[in-house]
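Written below as structure tokens is the structure these notes are about.
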Amino acid sequence: MRFLLDAEQAEFGRTLGRLLAAADVPAAVRAWGTGDSAPGHAVWRRLAGTGVFELAVPEKHGGAGFLPVELTLSFVELGRYAAPGPAVETAAAAVLLERLGDADGDLAGTWLPAIAAGDAMVSYADLAHGPYALDAATADVTFLVDGDTLRACDGCGPVQPSVDPARRLTRCAGGAVLASGPAVRAAAAQAAGTARLLTAAQALGVGRRLLDDTVAYVKQRTQFGVAVGSFQAVKHRLADVLLALEFAEPLVYGAAVEWAGALQADTANHGYGATGAGIGVAMAKVAAGEAAYTAARAALQLHGALGYTDELDLSLWIRRARALRGAWGTPVECRARVLAGPAPAGPQIFHE
């Protein structure tokens with residue numbers, strides 16, 4: 001089987017890329033890391049204008065229907081430009097609310113239209129995957145799943161140290177119970193699998209950006225009168241990065257296709273299941289996360305001393321690659337899920 005994006009999907013990705021390229025995202029990321037969310041919210045609204053968040057929301061709530069391939073394509077571009085904000089968590093929360101259906105009262109009707117329109121920035125945490133919520137202090141609402149109970153957080157603690165300052169992690173205090181029962185746990189499993197898939201897509205985009213910037217740099221940096229990119233050792237290092245990304249990309253898009261079928265069929269053996277991500281999603285996450293981390297290490301070394309400086313925008317992607325590698329499933333956890341086979345895996349822990 002030959003799997004390629006069609007012309008419409010490819011053009012959507014290019015359009016999104018052009019929008020982000022014109023939005024001065026690095027400045028928004030730096031401001032976000034200091035607690036100034038205004039530039040990041042401006043980027044968020046521009047993304048919403050392209051229909052990115054509609055891709056995670058069913059049509060009856062103002063979305064385009066859950067379209068995992070298009071959503072994955074969008075998140076690759078978000079990673080390529082290191083866009084700030086809890087975009088993964090917002091999409092995962094949309095899946096959670098949609099999968100709960102009538103079990104959550106009118107939550108879906110309240111929040112899904114706002115998510116689709118970009119009017120709501122939502123954070124989401126599942127204590128089965130870790131105690132932290134991303135950007136909870138900035139989000140309009142933070143949904144917290146604790147076992148089989150869904151709550152709306154009524155407060156959050158101080159920002160915790162993170163390898164990526166723009167990923168502001170906090171512990172959330174439980175608030176009012178919004179829904180409870182087995183339906184919550186099942187919906188949370190689907191939401192976590194979606195978060196893992198979209199985190200893999202972001203990592204792929206980060207890796208692509210790091211490779212592009214590093215190739216451009218070694219072409220212009222000279223040593224002994226020639227570009228360092230002409231050195232065999234440098235070529236081999238970048239070739240290793242390219243191979244890792246090329247192998248990860250079809251896994252990511254293949255996982256998106258698998259995930260669409262899994263959610264539609266609502267079958268644990270092919271989907272996320274009760275406690276572990278789908279095999280294809282886990283494979284995509286570990287491959288994309290490791291590829292981005294490989295790209296970050298190569299970029300750091302080949303940029304020389306410049307790679308260590310905060311002033312260089314490269315640092316934004318290097319830090320993001322390290323954070324995404326462990327977000328919603330570490331490499332060890334994802335490999336364990338793959339080795340476990342179709343049966344649900346044991347509890348997973350979210351690390352960063």
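Each chain of the structure tokens is named A, B, ... in the order shown, its residues numbered from 1; ligands are numbered from 1 in display order.
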request  = Write down as an MDAnalysis selection string the residues belonging to stretch 32-68 of chain A that are assigned alpha helix (DSSP H) by DSSP computed on the backbone.
outcome  = chainID A and resid 32:33 38:49 68
With N, CA, C and O atoms retained, export the selected residues as a compact mmCIF listing (two decimals), in the first residue's frame.
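out-v7.txt written:
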# COMPACT_ATOMS: atom_id res chain seq x y z
N TRP A 32 5.37 33.40 26.58
CA TRP A 32 4.59 32.38 27.27
C TRP A 32 5.38 31.79 28.44
O TRP A 32 4.83 31.56 29.53
N GLY A 33 6.66 31.57 28.24
CA GLY A 33 7.50 31.01 29.28
C GLY A 33 7.66 31.92 30.48
O GLY A 33 7.96 31.45 31.59
N ALA A 38 -0.52 36.73 26.30
CA ALA A 38 -1.23 37.49 25.26
C ALA A 38 -0.75 37.14 23.85
O ALA A 38 -1.59 36.85 22.97
N PRO A 39 0.56 37.14 23.55
CA PRO A 39 0.99 36.77 22.20
C PRO A 39 0.62 35.33 21.84
O PRO A 39 0.26 35.04 20.69
N GLY A 40 0.67 34.43 22.82
CA GLY A 40 0.31 33.04 22.56
C GLY A 40 -1.17 32.90 22.26
O GLY A 40 -1.56 32.09 21.40
N HIS A 41 -2.00 33.67 22.93
CA HIS A 41 -3.44 33.64 22.65
C HIS A 41 -3.73 34.17 21.24
O HIS A 41 -4.65 33.71 20.57
N ALA A 42 -2.92 35.14 20.80
CA ALA A 42 -3.10 35.65 19.44
C ALA A 42 -2.80 34.57 18.42
O ALA A 42 -3.51 34.42 17.42
N VAL A 43 -1.73 33.80 18.66
CA VAL A 43 -1.40 32.68 17.78
C VAL A 43 -2.53 31.65 17.81
O VAL A 43 -2.93 31.10 16.77
N TRP A 44 -3.05 31.39 19.00
CA TRP A 44 -4.15 30.41 19.17
C TRP A 44 -5.35 30.81 18.32
O TRP A 44 -5.96 29.97 17.64
N ARG A 45 -5.71 32.09 18.36
CA ARG A 45 -6.86 32.55 17.59
C ARG A 45 -6.62 32.42 16.09
O ARG A 45 -7.54 32.11 15.32
N ARG A 46 -5.40 32.65 15.66
CA ARG A 46 -5.09 32.50 14.24
C ARG A 46 -5.18 31.04 13.82
O ARG A 46 -5.65 30.72 12.73
N LEU A 47 -4.73 30.16 14.69
CA LEU A 47 -4.86 28.73 14.40
C LEU A 47 -6.33 28.34 14.30
O LEU A 47 -6.73 27.58 13.41
N ALA A 48 -7.12 28.85 15.22
CA ALA A 48 -8.55 28.53 15.21
C ALA A 48 -9.20 29.00 13.91
O ALA A 48 -10.11 28.34 13.38
N GLY A 49 -8.71 30.12 13.37
CA GLY A 49 -9.27 30.63 12.14
C GLY A 49 -9.05 29.71 10.95
O GLY A 49 -9.81 29.76 9.97
N PRO A 68 -8.43 12.33 12.30
CA PRO A 68 -7.09 12.15 12.88
C PRO A 68 -5.94 12.46 11.93
O PRO A 68 -4.90 12.97 12.37
Per residue of stretch 235-338 of chain A within 10 Å of stretch 201-221 of chain A, what are the shortest atom pair and its distance in Å to one decimal, counting only C-alpha atoms, with rows by chain and residue number, as a Markdown table?
| residue | atom | partner | partner_atom | distance |
| --- | --- | --- | --- | --- |
| A:Lys235 | CA | A:Val215 | CA | 9.3 |
| A:Leu238 | CA | A:Leu211 | CA | 7.4 |
| A:Ala239 | CA | A:Leu211 | CA | 9.7 |
| A:Val241 | CA | A:Leu211 | CA | 7.2 |
| A:Leu242 | CA | A:Leu211 | CA | 7.4 |
| A:Ala244 | CA | A:Gly207 | CA | 9.3 |
| A:Leu245 | CA | A:Leu204 | CA | 6.9 |
| A:Glu246 | CA | A:Leu204 | CA | 9.5 |
| A:Ala248 | CA | A:Leu204 | CA | 7.4 |
| A:Glu249 | CA | A:Leu204 | CA | 6.9 |
| A:Leu251 | CA | A:Ala201 | CA | 10.0 |
| A:Val252 | CA | A:Ala201 | CA | 6.4 |
| A:Tyr253 | CA | A:Ala201 | CA | 8.4 |
| A:Ala256 | CA | A:Ala201 | CA | 9.5 |
| A:Ala284 | CA | A:Ala201 | CA | 8.4 |
| A:Lys285 | CA | A:Ala201 | CA | 8.1 |
| A:Val286 | CA | A:Ala203 | CA | 9.8 |
| A:Ala287 | CA | A:Leu204 | CA | 8.9 |
| A:Ala288 | CA | A:Leu204 | CA | 5.2 |
| A:Gly289 | CA | A:Ala203 | CA | 5.6 |
| A:Glu290 | CA | A:Ala203 | CA | 8.7 |
| A:Ala291 | CA | A:Gly207 | CA | 6.5 |
| A:Ala292 | CA | A:Gly207 | CA | 4.0 |
| A:Tyr293 | CA | A:Gly207 | CA | 7.4 |
| A:Thr294 | CA | A:Gly207 | CA | 8.0 |
| A:Ala295 | CA | A:Gly207 | CA | 5.5 |
| A:Ala296 | CA | A:Leu210 | CA | 6.4 |
| A:Arg297 | CA | A:Leu210 | CA | 9.5 |
| A:Ala298 | CA | A:Thr214 | CA | 8.1 |
| A:Ala299 | CA | A:Thr214 | CA | 5.6 |
| A:Leu300 | CA | A:Thr214 | CA | 8.8 |
| A:Gln301 | CA | A:Thr214 | CA | 9.7 |
| A:Leu302 | CA | A:Thr214 | CA | 7.1 |
| A:His303 | CA | A:Thr214 | CA | 7.1 |
| A:Leu314 | CA | A:Leu210 | CA | 7.4 |
| A:Ser315 | CA | A:Leu210 | CA | 9.8 |
| A:Leu316 | CA | A:Val206 | CA | 9.6 |
| A:Trp317 | CA | A:Val206 | CA | 6.1 |
| A:Ile318 | CA | A:Leu210 | CA | 7.6 |
| A:Arg319 | CA | A:Val206 | CA | 9.9 |
| A:Arg320 | CA | A:Val206 | CA | 7.4 |
| A:Ala321 | CA | A:Ala203 | CA | 6.2 |
| A:Arg322 | CA | A:Ala203 | CA | 9.2 |
| A:Ala323 | CA | A:Ala203 | CA | 9.3 |
| A:Leu324 | CA | A:Ala203 | CA | 6.1 |
| A:Arg325 | CA | A:Ala203 | CA | 7.3 |
query = Hey, what does DSSP flag as strand (DSSP E or B) within stretch 125-328 of chain A? Can you give it to me as a PyMOL selection string?
reply = chain A and resi 125-126+132-134+141-146+149-152+155-156+160+169-173+176-180+222-223+226-227
key: From A:Arg14, A:Arg337, A:Arg171, A:Arg196, residue lying nearest A:Leu78 [only C-alpha atoms]   =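 For A:Leu78, the nearest of the given residues is A:Arg14.
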ask   = Using only C-alpha atoms, which residues sit within 12 Å of A:Arg18 once same-chain residues fewer than 6 positions away are excluded, as an NGL selection string?
value = :A and (11-12 or 24-25 or 46-47 or 50 or 77-78 or 80-81)
request  = Find the residues around A:Arg30 up to 9 Å (only C-alpha atoms counted), leave out those fewer than 6 positions away in its own chain, and share them as a list in words.
outcome  =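 These residues fall inside the cut-off: Asp36, Pro165, Ala166 and Leu316 of chain A.
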Write out the residues from the selection above, keeping C-alpha atoms, as a tab-separated table (two decimals), in the first residue's frame.
chain	number	residue	atom	x	y	z
A	36	ASP	CA	2.76	36.58	29.41
A	165	PRO	CA	10.02	26.79	30.14
A	166	ALA	CA	7.13	27.31	27.70
A	316	LEU	CA	13.21	26.64	21.78
query = When you draw a straight line from atom CA of A:Val122 to atom CA of A:Pro86, how long is it in Å?
reply = 6.8 Å
